[in-house]
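Taking it in order: structure first as structure tokens, then the write-up.
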Amino acid sequence: MTLSPAEAATGADITISHVRKTFETPRGPIEALAGIDLDIAPGEFVSILGPSGCGKSTLLMALAGLEPATSGHIRISGAPVLSPRRKTGIVFQEPTLLSWKTALQNVLYPAEIAGQRKADHAPRARALLDRVGLAGFEDQRPRGLSGGMKQRVALCRALVQDPDLLLMDEPFSALDAITRDEMAELMLDLWSENSGRTAIFVTHSIHEAALLSDRVIVMRRRPCDVLADVPVPFGRPRRMDVVDTPEFTAFSSHLRGLIAEAMGKTEAQRHV
Amino acid sequence: MSDVMSEAGSDIADRPTAGAARSSRPKPESYLTNDRLLRVARPVLLPTLTAAVLLGIWWALASWADLPAVVLPHPADVWSILKSNFPLLSTHMWHTAYESTLGFLIAMVTGVSLAILITYSAVLREAFYPHLILFQLVPKVALAPLFVVWLGIGAPARLSFATFIAFFPLVIATAQGLTEVPPEMIRLSRSLSATRWQIFRTIRFPYAIPYIFAGMKISVTMAMIGIIVGEFIASQKGLGYLILFASSQANTALILAAVILLCVVGLVQFGIVLALERAVRRVFGSD
């Protein structure tokens with residue numbers, strides 16, 4: 001299938017250096033990012049894992065160019081990120097579909113905003129919807145789609161401009177457990193060839209981080225920075241049944257230990 | 001507001017298999033058809049029945065209760081007055097229909113424009129919005145004589161008064177629709193580097209359409225009220241003037257005939273707004 005992520009000739013490479021973000025509040029400044037340094041290679045699928053309030057979504061919004069960092073630099077493929085870039089696709093926590101548009105029209109929305117002819121992009125949009133199992137639902141309004149279907153439409157919308165970087169902000173957290181598994185399977189299928197576009201996946205699910213990514217960045221609270229940078233020991237193509245292996249269990253347990261540390265729990269508290 | 005947004009006859013995406021299982025129910029064909037016919041007809045049948053019963057009560061009271069015709073004329077007399085005076089009545093009716101439609105249209109243009117201005121300008125919003133809300137609470141009909149004092153007896157006073165009372169529901173509903181857009185939708189369009197105009201055209205305005213039409217439905221009846229009140233106090237034409245004239249002659253049947261025509265005009269105006277809403281939604285849906 002030509003629409004596999006591999007078609008992106010080269011993914012973006014990302015350099016994050018000394019990135020800080022402070023929010024001013026009436027009760028004083030809050031530090032949401034306390035100095036982040038990260039390098040992400042082209043084509044890598046990186047999960048950012050951490051407890052809530054660790055700044056992982058803030059980091060993603062800074063990468064998206066929506067919430068600029070207070071200090072430090074973010075470079076994507078060499079260029080500093082000062083505003084949203086066209087070659088970045090974003091999947092938000094909520095599907096955020098426009099309720100008055102059909103699934104197909106929602107997928108074409110980025111082309112509409114870019115002032116491109118919709119007819120030129122319609123075949124690709126249809127093929128993407130087909131790829132995620134929504135053939136026959138092109139003309140449905142969001143009201144007629146289930147939560148998982150809506151998020152798949154949102155994924156197609158993020159991919160329609162053929163981005164070299166895909167940012168995902170807890171994209172499955174609003175879905176039920178069975179649908180989440182379905183989405184994870186779809187992601188594994190889309191990334192079955194380990195090349196192409198770079199992906200950054202923010203999650204608080206150890207299971208999803210271990211299952212989907214090539215590398216897991218664990219963030220902590222107070223201070224909000226990177227606690228650990230762990231390569232994932234499973235290759236691609238990867239299948240769902242990797243979760244049944246002892247290696248997966250061991251790796252998940254390793255991540256769980258890191259999360260506990262990220263939340264500031266002591267060794268003794270962990271075993272209560 | 002949310003029920004305004006959901007269109008009638010929602011087409012939920014059933015799994016393709018769901019329909020097949022349903023049709024294999026072993027019920028007699030005629031029973032199913034009757035059942036469905038009743039369910040479709042009921043929303044029309046019941047209100048019609050209620051109206052018929054009320055008309056019957058009127059008819060019975062007028063026929064046998066021995067009330068003077070000034071208090072309660074017979075429905076048949078109202079009908080014959082309507083028929084015999086139709087040229088006169090229709091002249092007045094057109095006058096009222098024309099002025100109330102014009103008042104509504106002016107309120108539409110000014111109301112939606114002001115709503116857009118206060119959505120985009122914080123200064124204007126802070127300056128005007130509290131007053132708009134406050135004016136909602138003022139019984140505006142009480143101000144009608146002021147318009148006559150300022151603008152004299154004539155179309156300007158009537159039109160500006162109708163516009164004045166039709167304007168507020170529209171501004172408030174439109175401003176609400178434009179500002180209550182979910183912030184995620186705005187963030188999505190910002191992530192695509194949309195301009196302010198693009199955000200207005202592709203997000204805010206389509207989102208506000210159901211709100212605007214909800215405001216229009218109130219506003220169109222308000223414009224009619226404004227014109228009638230204007231005709232009561234400052235006119236030689238229109239159904240409002242005719243009603244006042246007929247009451248001075250104790251011609252109750254003529255009053256009721258005029259009221260019937262007012263209802264017809266109101267229903268037609270409301271129907272046009274409804275049809276327009278459908279058309280606009282279809283355009284925004286399919287493109």
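By order of appearance in the structure tokens: chains A, B, ..., then residues from 1 within every chain, and ligands from 1 in the order shown.
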
- Message: Residues near B:Val78, anyone? I mean within 7 Å using only C-alpha atoms, not counting same-chain ones fewer than 6 positions away, as a PyMOL selection string.
- Response: chain B and resi 253-254+256-257

- Any idea what's packed within 10 Å of stretch 253-264 of chain A, counting only C-alpha atoms, ignoring anything in its chain fewer than 5 positions away? Could you give it as JSON, numbers by chain? {"A": [49, 50, 51, 52, 53, 54, 204, 205, 206, 207, 209, 210, 216, 217, 218, 219, 220, 221, 222, 223, 224, 225, 226, 227, 228, 230, 247, 248, 269, 270]}

Could you please take those selected residues and save N, CA and C atoms as a PDB file, in the first residue's frame?
```
ATOM      1  N   LEU A  49       6.222   9.459  27.910  1.00  0.00           N
ATOM      2  CA  LEU A  49       5.398   8.812  28.924  1.00  0.00           C
ATOM      3  C   LEU A  49       5.620   9.534  30.242  1.00  0.00           C
ATOM      4  N   GLY A  50       4.562   9.735  31.000  1.00  0.00           N
ATOM      5  CA  GLY A  50       4.742  10.362  32.304  1.00  0.00           C
ATOM      6  C   GLY A  50       3.425  10.572  33.000  1.00  0.00           C
ATOM      7  N   PRO A  51       3.464  10.822  34.305  1.00  0.00           N
ATOM      8  CA  PRO A  51       2.231  11.078  35.057  1.00  0.00           C
ATOM      9  C   PRO A  51       1.629  12.410  34.614  1.00  0.00           C
ATOM     10  N   SER A  52       0.356  12.627  34.932  1.00  0.00           N
ATOM     11  CA  SER A  52      -0.257  13.888  34.518  1.00  0.00           C
ATOM     12  C   SER A  52       0.411  15.038  35.272  1.00  0.00           C
ATOM     13  N   GLY A  53       0.537  16.156  34.577  1.00  0.00           N
ATOM     14  CA  GLY A  53       1.189  17.313  35.173  1.00  0.00           C
ATOM     15  C   GLY A  53       2.695  17.300  35.017  1.00  0.00           C
ATOM     16  N   CYS A  54       3.229  16.399  34.168  1.00  0.00           N
ATOM     17  CA  CYS A  54       4.678  16.358  33.994  1.00  0.00           C
ATOM     18  C   CYS A  54       5.125  17.214  32.819  1.00  0.00           C
ATOM     19  N   HIS A 204      -0.093   8.455  28.786  1.00  0.00           N
ATOM     20  CA  HIS A 204       0.180   8.054  30.160  1.00  0.00           C
ATOM     21  C   HIS A 204      -0.039   6.554  30.306  1.00  0.00           C
ATOM     22  N   SER A 205      -0.087   5.861  29.152  1.00  0.00           N
ATOM     23  CA  SER A 205      -0.291   4.417  29.190  1.00  0.00           C
ATOM     24  C   SER A 205       1.028   3.687  28.927  1.00  0.00           C
ATOM     25  N   ILE A 206       1.506   2.962  29.927  1.00  0.00           N
ATOM     26  CA  ILE A 206       2.741   2.178  29.801  1.00  0.00           C
ATOM     27  C   ILE A 206       2.589   1.160  28.669  1.00  0.00           C
ATOM     28  N   HIS A 207       1.399   0.546  28.627  1.00  0.00           N
ATOM     29  CA  HIS A 207       1.113  -0.479  27.639  1.00  0.00           C
ATOM     30  C   HIS A 207       1.286   0.072  26.218  1.00  0.00           C
ATOM     31  N   ALA A 209       2.871   2.813  25.236  1.00  0.00           N
ATOM     32  CA  ALA A 209       4.249   3.254  24.996  1.00  0.00           C
ATOM     33  C   ALA A 209       5.121   2.065  24.614  1.00  0.00           C
ATOM     34  N   ALA A 210       4.988   0.974  25.366  1.00  0.00           N
ATOM     35  CA  ALA A 210       5.834  -0.200  25.125  1.00  0.00           C
ATOM     36  C   ALA A 210       5.468  -0.871  23.807  1.00  0.00           C
ATOM     37  N   VAL A 216      11.182   5.205  24.365  1.00  0.00           N
ATOM     38  CA  VAL A 216      10.274   5.805  25.339  1.00  0.00           C
ATOM     39  C   VAL A 216      11.032   6.840  26.163  1.00  0.00           C
ATOM     40  N   ILE A 217      10.505   8.080  26.175  1.00  0.00           N
ATOM     41  CA  ILE A 217      11.057   9.127  27.026  1.00  0.00           C
ATOM     42  C   ILE A 217      10.153   9.212  28.252  1.00  0.00           C
ATOM     43  N   VAL A 218      10.713   8.984  29.433  1.00  0.00           N
ATOM     44  CA  VAL A 218       9.900   9.094  30.645  1.00  0.00           C
ATOM     45  C   VAL A 218      10.136  10.465  31.259  1.00  0.00           C
ATOM     46  N   MET A 219       9.035  11.200  31.480  1.00  0.00           N
ATOM     47  CA  MET A 219       9.155  12.523  32.113  1.00  0.00           C
ATOM     48  C   MET A 219       8.649  12.456  33.540  1.00  0.00           C
ATOM     49  N   ARG A 220       9.146  13.382  34.367  1.00  0.00           N
ATOM     50  CA  ARG A 220       8.712  13.408  35.767  1.00  0.00           C
ATOM     51  C   ARG A 220       8.172  14.790  36.115  1.00  0.00           C
ATOM     52  N   ARG A 221       7.516  14.844  37.294  1.00  0.00           N
ATOM     53  CA  ARG A 221       7.018  16.124  37.811  1.00  0.00           C
ATOM     54  C   ARG A 221       8.005  16.671  38.818  1.00  0.00           C
ATOM     55  N   ARG A 222       7.963  17.986  38.952  1.00  0.00           N
ATOM     56  CA  ARG A 222       8.745  18.672  39.999  1.00  0.00           C
ATOM     57  C   ARG A 222      10.144  18.108  40.138  1.00  0.00           C
ATOM     58  N   PRO A 223      11.121  18.459  39.385  1.00  0.00           N
ATOM     59  CA  PRO A 223      11.008  19.338  38.233  1.00  0.00           C
ATOM     60  C   PRO A 223      10.514  18.579  37.008  1.00  0.00           C
ATOM     61  N   CYS A 224       9.855  19.296  36.081  1.00  0.00           N
ATOM     62  CA  CYS A 224       9.312  18.664  34.888  1.00  0.00           C
ATOM     63  C   CYS A 224      10.422  18.507  33.853  1.00  0.00           C
ATOM     64  N   ASP A 225      11.099  17.386  33.920  1.00  0.00           N
ATOM     65  CA  ASP A 225      12.146  17.163  32.919  1.00  0.00           C
ATOM     66  C   ASP A 225      12.232  15.688  32.560  1.00  0.00           C
ATOM     67  N   VAL A 226      13.240  15.335  31.768  1.00  0.00           N
ATOM     68  CA  VAL A 226      13.353  13.959  31.303  1.00  0.00           C
ATOM     69  C   VAL A 226      14.028  13.112  32.375  1.00  0.00           C
ATOM     70  N   LEU A 227      13.344  12.043  32.793  1.00  0.00           N
ATOM     71  CA  LEU A 227      13.902  11.153  33.802  1.00  0.00           C
ATOM     72  C   LEU A 227      14.703  10.042  33.145  1.00  0.00           C
ATOM     73  N   ALA A 228      14.167   9.496  32.061  1.00  0.00           N
ATOM     74  CA  ALA A 228      14.853   8.363  31.428  1.00  0.00           C
ATOM     75  C   ALA A 228      14.545   8.320  29.943  1.00  0.00           C
ATOM     76  N   VAL A 230      14.566   5.420  27.115  1.00  0.00           N
ATOM     77  CA  VAL A 230      14.711   3.967  27.045  1.00  0.00           C
ATOM     78  C   VAL A 230      14.415   3.453  25.640  1.00  0.00           C
ATOM     79  N   GLU A 247       9.294 -10.928  27.506  1.00  0.00           N
ATOM     80  CA  GLU A 247      10.100  -9.714  27.328  1.00  0.00           C
ATOM     81  C   GLU A 247       9.232  -8.463  27.463  1.00  0.00           C
ATOM     82  N   PHE A 248       8.001  -8.558  26.925  1.00  0.00           N
ATOM     83  CA  PHE A 248       7.106  -7.399  26.997  1.00  0.00           C
ATOM     84  C   PHE A 248       6.745  -7.117  28.457  1.00  0.00           C
ATOM     85  N   GLN A 269       7.303   2.717  49.249  1.00  0.00           N
ATOM     86  CA  GLN A 269       5.904   3.003  48.898  1.00  0.00           C
ATOM     87  C   GLN A 269       5.441   2.147  47.731  1.00  0.00           C
ATOM     88  N   ARG A 270       6.369   1.863  46.814  1.00  0.00           N
ATOM     89  CA  ARG A 270       6.002   1.131  45.612  1.00  0.00           C
ATOM     90  C   ARG A 270       5.517  -0.258  45.917  1.00  0.00           C
TER      91      ARG A 270
END
```

- In terms of only C-alpha atoms, the residue from A:His18, A:Arg239, A:His73, A:Arg157 at minimal distance from chain B is A:Arg157

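Close contacts of A:Lys87, defined as residues with an atom at most 8 Å away when counting only C-alpha atoms, with chain neighbours fewer than 5 positions off set aside, comprise Gln161, Asp162, Pro163, Asp164 and Leu165 of chain A.
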
- Task: Might you pull out every residue within 12 Å of B:Ser100, with only C-alpha atoms counted and same-chain residues fewer than 5 positions away left off, and present them as an MDAnalysis selection string?
- Result: chainID B and resid 93:95 105:107 155 158:166 219:231 238:240 262 265:266 269:270

Would you output that residue set with N, CA, C and O atoms, as a CSV table (one decimal), in the first residue's frame?
```
chain,number,residue,atom,x,y,z
B,93,MET,N,-53.3,43.7,5.0
B,93,MET,CA,-52.4,42.5,5.3
B,93,MET,C,-51.0,42.7,4.6
B,93,MET,O,-50.0,42.5,5.2
B,94,TRP,N,-51.1,43.1,3.3
B,94,TRP,CA,-49.8,43.3,2.6
B,94,TRP,C,-49.0,44.4,3.2
B,94,TRP,O,-47.8,44.3,3.3
B,95,HIS,N,-49.7,45.4,3.7
B,95,HIS,CA,-48.9,46.5,4.4
B,95,HIS,C,-48.2,46.0,5.6
B,95,HIS,O,-47.0,46.3,5.8
B,105,LEU,N,-35.6,42.2,8.3
B,105,LEU,CA,-34.4,42.2,7.5
B,105,LEU,C,-33.4,43.2,8.0
B,105,LEU,O,-32.2,42.9,8.1
B,106,ILE,N,-33.9,44.4,8.4
B,106,ILE,CA,-32.9,45.4,8.9
B,106,ILE,C,-32.3,44.9,10.2
B,106,ILE,O,-31.1,45.0,10.5
B,107,ALA,N,-33.2,44.3,11.1
B,107,ALA,CA,-32.7,43.7,12.3
B,107,ALA,C,-31.6,42.6,12.1
B,107,ALA,O,-30.6,42.5,12.8
B,155,ALA,N,-44.0,55.5,8.7
B,155,ALA,CA,-43.2,54.3,8.5
B,155,ALA,C,-41.9,54.3,9.3
B,155,ALA,O,-41.5,53.3,9.9
B,158,ARG,N,-42.5,53.2,12.9
B,158,ARG,CA,-42.9,51.8,13.0
B,158,ARG,C,-41.7,50.9,12.7
B,158,ARG,O,-41.4,49.9,13.4
B,159,LEU,N,-41.0,51.2,11.6
B,159,LEU,CA,-39.9,50.3,11.2
B,159,LEU,C,-38.8,50.3,12.2
B,159,LEU,O,-38.3,49.2,12.5
B,160,SER,N,-38.4,51.5,12.7
B,160,SER,CA,-37.3,51.5,13.6
B,160,SER,C,-37.7,50.8,14.9
B,160,SER,O,-36.9,50.2,15.6
B,161,PHE,N,-39.0,50.9,15.3
B,161,PHE,CA,-39.4,50.2,16.5
B,161,PHE,C,-39.4,48.7,16.3
B,161,PHE,O,-38.9,48.0,17.2
B,162,ALA,N,-39.9,48.3,15.2
B,162,ALA,CA,-39.9,46.8,14.9
B,162,ALA,C,-38.4,46.3,14.9
B,162,ALA,O,-38.1,45.2,15.4
B,163,THR,N,-37.6,47.0,14.2
B,163,THR,CA,-36.2,46.7,14.2
B,163,THR,C,-35.6,46.6,15.6
B,163,THR,O,-34.9,45.7,15.9
B,164,PHE,N,-35.9,47.6,16.4
B,164,PHE,CA,-35.4,47.7,17.7
B,164,PHE,C,-35.7,46.5,18.5
B,164,PHE,O,-34.9,45.9,19.2
B,165,ILE,N,-37.0,46.0,18.5
B,165,ILE,CA,-37.3,44.9,19.4
B,165,ILE,C,-36.9,43.5,18.7
B,165,ILE,O,-36.7,42.6,19.4
B,166,ALA,N,-36.7,43.5,17.4
B,166,ALA,CA,-36.3,42.2,16.7
B,166,ALA,C,-34.8,42.0,16.8
B,166,ALA,O,-34.3,40.9,16.7
B,219,SER,N,-36.8,36.5,16.4
B,219,SER,CA,-36.7,37.9,15.9
B,219,SER,C,-37.8,38.1,14.9
B,219,SER,O,-38.4,39.2,14.9
B,220,VAL,N,-38.2,37.1,14.1
B,220,VAL,CA,-39.2,37.3,13.0
B,220,VAL,C,-40.5,37.6,13.7
B,220,VAL,O,-41.3,38.4,13.2
B,221,THR,N,-40.8,36.9,14.8
B,221,THR,CA,-42.1,37.2,15.5
B,221,THR,C,-42.1,38.5,16.2
B,221,THR,O,-43.1,39.2,16.3
B,222,MET,N,-40.9,38.9,16.7
B,222,MET,CA,-40.7,40.2,17.4
B,222,MET,C,-41.0,41.3,16.4
B,222,MET,O,-41.6,42.3,16.8
B,223,ALA,N,-40.5,41.2,15.2
B,223,ALA,CA,-40.7,42.2,14.2
B,223,ALA,C,-42.2,42.5,13.9
B,223,ALA,O,-42.6,43.6,13.8
B,224,MET,N,-42.9,41.4,13.8
B,224,MET,CA,-44.3,41.4,13.6
B,224,MET,C,-45.0,42.2,14.8
B,224,MET,O,-45.8,43.1,14.6
B,225,ILE,N,-44.6,41.8,16.0
B,225,ILE,CA,-45.2,42.5,17.2
B,225,ILE,C,-44.9,44.0,17.1
B,225,ILE,O,-45.8,44.8,17.4
B,226,GLY,N,-43.7,44.3,16.8
B,226,GLY,CA,-43.3,45.7,16.7
B,226,GLY,C,-44.1,46.5,15.7
B,226,GLY,O,-44.6,47.6,16.0
B,227,ILE,N,-44.4,45.9,14.5
B,227,ILE,CA,-45.2,46.6,13.5
B,227,ILE,C,-46.7,46.7,14.0
B,227,ILE,O,-47.3,47.8,13.8
B,228,ILE,N,-47.2,45.7,14.6
B,228,ILE,CA,-48.6,45.7,15.1
B,228,ILE,C,-48.7,46.8,16.1
B,228,ILE,O,-49.6,47.7,16.1
B,229,VAL,N,-47.8,46.9,17.1
B,229,VAL,CA,-47.8,47.9,18.1
B,229,VAL,C,-47.7,49.3,17.5
B,229,VAL,O,-48.5,50.2,17.8
B,230,GLY,N,-46.8,49.4,16.5
B,230,GLY,CA,-46.7,50.7,15.7
B,230,GLY,C,-47.9,51.1,15.0
B,230,GLY,O,-48.3,52.2,15.0
B,231,GLU,N,-48.6,50.1,14.5
B,231,GLU,CA,-49.9,50.4,13.8
B,231,GLU,C,-51.0,50.8,14.8
B,231,GLU,O,-51.9,51.6,14.4
B,238,GLY,N,-52.6,48.9,7.7
B,238,GLY,CA,-52.1,47.7,8.3
B,238,GLY,C,-53.2,47.1,9.2
B,238,GLY,O,-54.2,47.7,9.6
B,239,LEU,N,-53.0,45.8,9.5
B,239,LEU,CA,-53.9,45.0,10.2
B,239,LEU,C,-54.1,45.5,11.7
B,239,LEU,O,-55.1,45.4,12.2
B,240,GLY,N,-53.0,46.0,12.2
B,240,GLY,CA,-53.0,46.6,13.6
B,240,GLY,C,-54.0,47.7,13.6
B,240,GLY,O,-54.8,47.8,14.5
B,262,LEU,N,-53.3,37.8,10.3
B,262,LEU,CA,-52.0,38.0,11.0
B,262,LEU,C,-51.3,36.7,11.2
B,262,LEU,O,-50.1,36.6,11.0
B,265,VAL,N,-49.8,35.5,8.0
B,265,VAL,CA,-48.6,36.2,7.6
B,265,VAL,C,-47.4,35.7,8.5
B,265,VAL,O,-46.4,35.3,8.0
B,266,GLY,N,-47.7,35.6,9.8
B,266,GLY,CA,-46.7,35.1,10.8
B,266,GLY,C,-46.2,33.7,10.4
B,266,GLY,O,-45.0,33.4,10.4
B,269,GLN,N,-44.0,33.8,7.3
B,269,GLN,CA,-42.7,34.3,7.6
B,269,GLN,C,-41.8,33.3,8.3
B,269,GLN,O,-40.7,33.0,8.0
B,270,PHE,N,-42.4,32.6,9.3
B,270,PHE,CA,-41.7,31.6,10.1
B,270,PHE,C,-41.3,30.4,9.1
B,270,PHE,O,-40.2,29.9,9.2
```

- Message: Need to verify the contact set: stretch 133-136 of chain B, 10 Å, only C-alpha atoms, exclusion of same-chain residues closer than 2 positions in sequence. Can you return it as a ChimeraX atom specification?
- Response: /B:128-131,138-140,165,168-169,171-172

If you keep N, CA and C atoms, can you produce a file of those selected residues as an mmCIF file, in the first residue's frame?
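Result file follows (selection21.cif):
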```
data_model
loop_
_atom_site.group_PDB
_atom_site.id
_atom_site.type_symbol
_atom_site.label_atom_id
_atom_site.label_comp_id
_atom_site.auth_asym_id
_atom_site.auth_seq_id
_atom_site.Cartn_x
_atom_site.Cartn_y
_atom_site.Cartn_z
ATOM 1 N N PHE B 128 -20.583 47.115 24.957
ATOM 2 C CA PHE B 128 -21.983 46.917 24.555
ATOM 3 C C PHE B 128 -22.688 45.726 25.209
ATOM 4 N N TYR B 129 -21.929 44.652 25.427
ATOM 5 C CA TYR B 129 -22.600 43.396 25.777
ATOM 6 C C TYR B 129 -23.479 43.502 27.033
ATOM 7 N N PRO B 130 -22.974 44.131 28.120
ATOM 8 C CA PRO B 130 -23.834 44.236 29.315
ATOM 9 C C PRO B 130 -25.142 44.965 29.016
ATOM 10 N N HIS B 131 -25.083 45.974 28.150
ATOM 11 C CA HIS B 131 -26.303 46.719 27.822
ATOM 12 C C HIS B 131 -27.265 45.881 26.998
ATOM 13 N N VAL B 138 -35.654 44.715 29.599
ATOM 14 C CA VAL B 138 -36.567 45.866 29.556
ATOM 15 C C VAL B 138 -37.802 45.497 28.741
ATOM 16 N N PRO B 139 -39.010 45.791 29.242
ATOM 17 C CA PRO B 139 -40.214 45.563 28.422
ATOM 18 C C PRO B 139 -40.246 46.604 27.307
ATOM 19 N N LYS B 140 -39.711 46.234 26.160
ATOM 20 C CA LYS B 140 -39.430 47.221 25.112
ATOM 21 C C LYS B 140 -40.696 47.831 24.503
ATOM 22 N N ILE B 165 -36.982 46.014 18.495
ATOM 23 C CA ILE B 165 -37.288 44.868 19.368
ATOM 24 C C ILE B 165 -36.891 43.539 18.726
ATOM 25 N N PHE B 168 -32.506 42.548 19.397
ATOM 26 C CA PHE B 168 -31.795 41.995 20.559
ATOM 27 C C PHE B 168 -31.662 40.478 20.576
ATOM 28 N N PRO B 169 -32.756 39.734 20.332
ATOM 29 C CA PRO B 169 -32.572 38.266 20.342
ATOM 30 C C PRO B 169 -31.546 37.814 19.308
ATOM 31 N N VAL B 171 -28.829 39.565 18.042
ATOM 32 C CA VAL B 171 -27.447 39.873 18.439
ATOM 33 C C VAL B 171 -26.967 38.876 19.472
ATOM 34 N N ILE B 172 -27.826 38.628 20.467
ATOM 35 C CA ILE B 172 -27.369 37.791 21.567
ATOM 36 C C ILE B 172 -27.158 36.354 21.110
#
```

- Message: At a cut-off of 7 Å, which residues of chain A touch chain B? Count only C-alpha atoms and give the answer as a ChimeraX atom specification.
- Response: /A:66,84,86,96,100-101,110,113,144-145

Please save all heavy atoms of the selected residues as a CSV table (one decimal), in the first residue's frame.
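Okay, this is what ended up in selection_29.csv:
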```csv
chain,number,residue,atom,x,y,z
A,66,LEU,N,2.3,25.7,18.7
A,66,LEU,CA,1.1,26.3,19.2
A,66,LEU,C,1.4,27.1,20.5
A,66,LEU,O,0.7,28.1,20.8
A,66,LEU,CB,0.0,25.3,19.4
A,66,LEU,CG,-0.6,24.7,18.1
A,66,LEU,CD1,-1.5,23.5,18.4
A,66,LEU,CD2,-1.4,25.8,17.4
A,84,PRO,N,3.1,27.1,13.8
A,84,PRO,CA,2.8,25.8,13.2
A,84,PRO,C,3.4,25.6,11.8
A,84,PRO,O,3.4,26.6,11.0
A,84,PRO,CB,1.3,25.8,13.1
A,84,PRO,CG,0.9,26.8,14.2
A,84,PRO,CD,1.9,27.8,14.2
A,86,ARG,N,3.5,23.4,8.1
A,86,ARG,CA,2.6,22.6,7.3
A,86,ARG,C,2.9,21.2,7.3
A,86,ARG,O,2.1,20.3,7.3
A,86,ARG,CB,2.6,23.1,5.9
A,86,ARG,CG,1.8,22.3,5.0
A,86,ARG,CD,1.3,23.0,3.8
A,86,ARG,NE,0.7,24.3,4.1
A,86,ARG,CZ,0.5,25.2,3.1
A,86,ARG,NH1,0.7,24.9,1.9
A,86,ARG,NH2,0.0,26.4,3.5
A,96,THR,N,-11.9,16.3,17.6
A,96,THR,CA,-12.1,17.7,17.1
A,96,THR,C,-12.5,17.7,15.6
A,96,THR,O,-11.9,18.3,14.8
A,96,THR,CB,-10.8,18.5,17.3
A,96,THR,OG1,-10.2,18.1,18.5
A,96,THR,CG2,-11.0,20.0,17.3
A,100,TRP,N,-20.3,19.8,11.1
A,100,TRP,CA,-21.1,20.1,9.9
A,100,TRP,C,-20.5,19.5,8.7
A,100,TRP,O,-21.0,19.7,7.6
A,100,TRP,CB,-21.4,21.6,9.8
A,100,TRP,CG,-20.2,22.4,9.9
A,100,TRP,CD1,-19.4,22.8,8.8
A,100,TRP,CD2,-19.5,22.9,11.0
A,100,TRP,NE1,-18.3,23.5,9.2
A,100,TRP,CE2,-18.4,23.6,10.6
A,100,TRP,CE3,-19.8,22.8,12.4
A,100,TRP,CZ2,-17.5,24.2,11.5
A,100,TRP,CZ3,-19.0,23.5,13.3
A,100,TRP,CH2,-17.8,24.2,12.8
A,101,LYS,N,-19.3,18.9,8.8
A,101,LYS,CA,-18.6,18.3,7.6
A,101,LYS,C,-18.7,16.8,7.7
A,101,LYS,O,-18.7,16.2,8.8
A,101,LYS,CB,-17.2,18.8,7.6
A,101,LYS,CG,-17.0,20.2,7.2
A,101,LYS,CD,-15.5,20.5,7.1
A,101,LYS,CE,-15.2,22.0,6.8
A,101,LYS,NZ,-15.5,22.4,5.4
A,110,PRO,N,-7.4,20.3,6.2
A,110,PRO,CA,-6.1,21.0,6.0
A,110,PRO,C,-5.8,21.5,4.6
A,110,PRO,O,-5.2,22.6,4.5
A,110,PRO,CB,-5.1,19.9,6.4
A,110,PRO,CG,-5.9,19.0,7.3
A,110,PRO,CD,-7.3,19.0,6.7
A,113,ILE,N,-7.7,24.7,4.2
A,113,ILE,CA,-7.1,25.9,4.8
A,113,ILE,C,-5.8,26.3,4.0
A,113,ILE,O,-5.5,27.5,3.9
A,113,ILE,CB,-6.8,25.6,6.3
A,113,ILE,CG1,-8.0,25.4,7.1
A,113,ILE,CG2,-5.8,26.6,6.9
A,113,ILE,CD1,-8.9,26.7,7.1
A,144,GLY,N,-22.7,10.4,13.2
A,144,GLY,CA,-23.0,9.0,12.9
A,144,GLY,C,-21.8,8.1,13.1
A,144,GLY,O,-21.9,6.9,12.8
A,145,LEU,N,-20.7,8.6,13.7
A,145,LEU,CA,-19.5,7.8,13.9
A,145,LEU,C,-19.3,7.5,15.3
A,145,LEU,O,-19.5,8.3,16.2
A,145,LEU,CB,-18.3,8.5,13.3
A,145,LEU,CG,-18.4,8.8,11.8
A,145,LEU,CD1,-17.1,9.6,11.4
A,145,LEU,CD2,-18.5,7.6,10.9
```

- Using DSSP on the backbone coordinates, identify all residues within stretch 85-231 of chain A classified as strand (DSSP E); present the result as an NGL selection string. :A and (88-91 or 165-169 or 198-203 or 215-219 or 226-231)

- Message: So that I can check the surroundings of A:Leu104, please list as a ChimeraX atom specification every protein, DNA and RNA residue that reaches within 9 Å of it, counting only C-alpha atoms and ignoring chain neighbours fewer than 3 positions away.
- Response: /A:101,107-109,122,125-126,129,137-140,153,157

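The space between atom CA of A:Ala34 and atom CA of A:Arg20 spans 5.1 Å.
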
- Message: If DSSP is run on the backbone, what residues of stretch 37-233 of chain B are alpha helix (DSSP H)? A reply as a PyMOL selection string would be ideal.
- Response: chain B and resi 37-64+75-84+86-120+122-137+144-151+155-179+183-191+196-199+205-233

- Task: Please identify all polymer residues within 7 Å of A:Ser99, counting only C-alpha atoms, omitting same-chain residues fewer than 4 positions from it, and present them as a list of chain:residue names.
- Result: A:Arg141, A:Pro142, A:Arg143
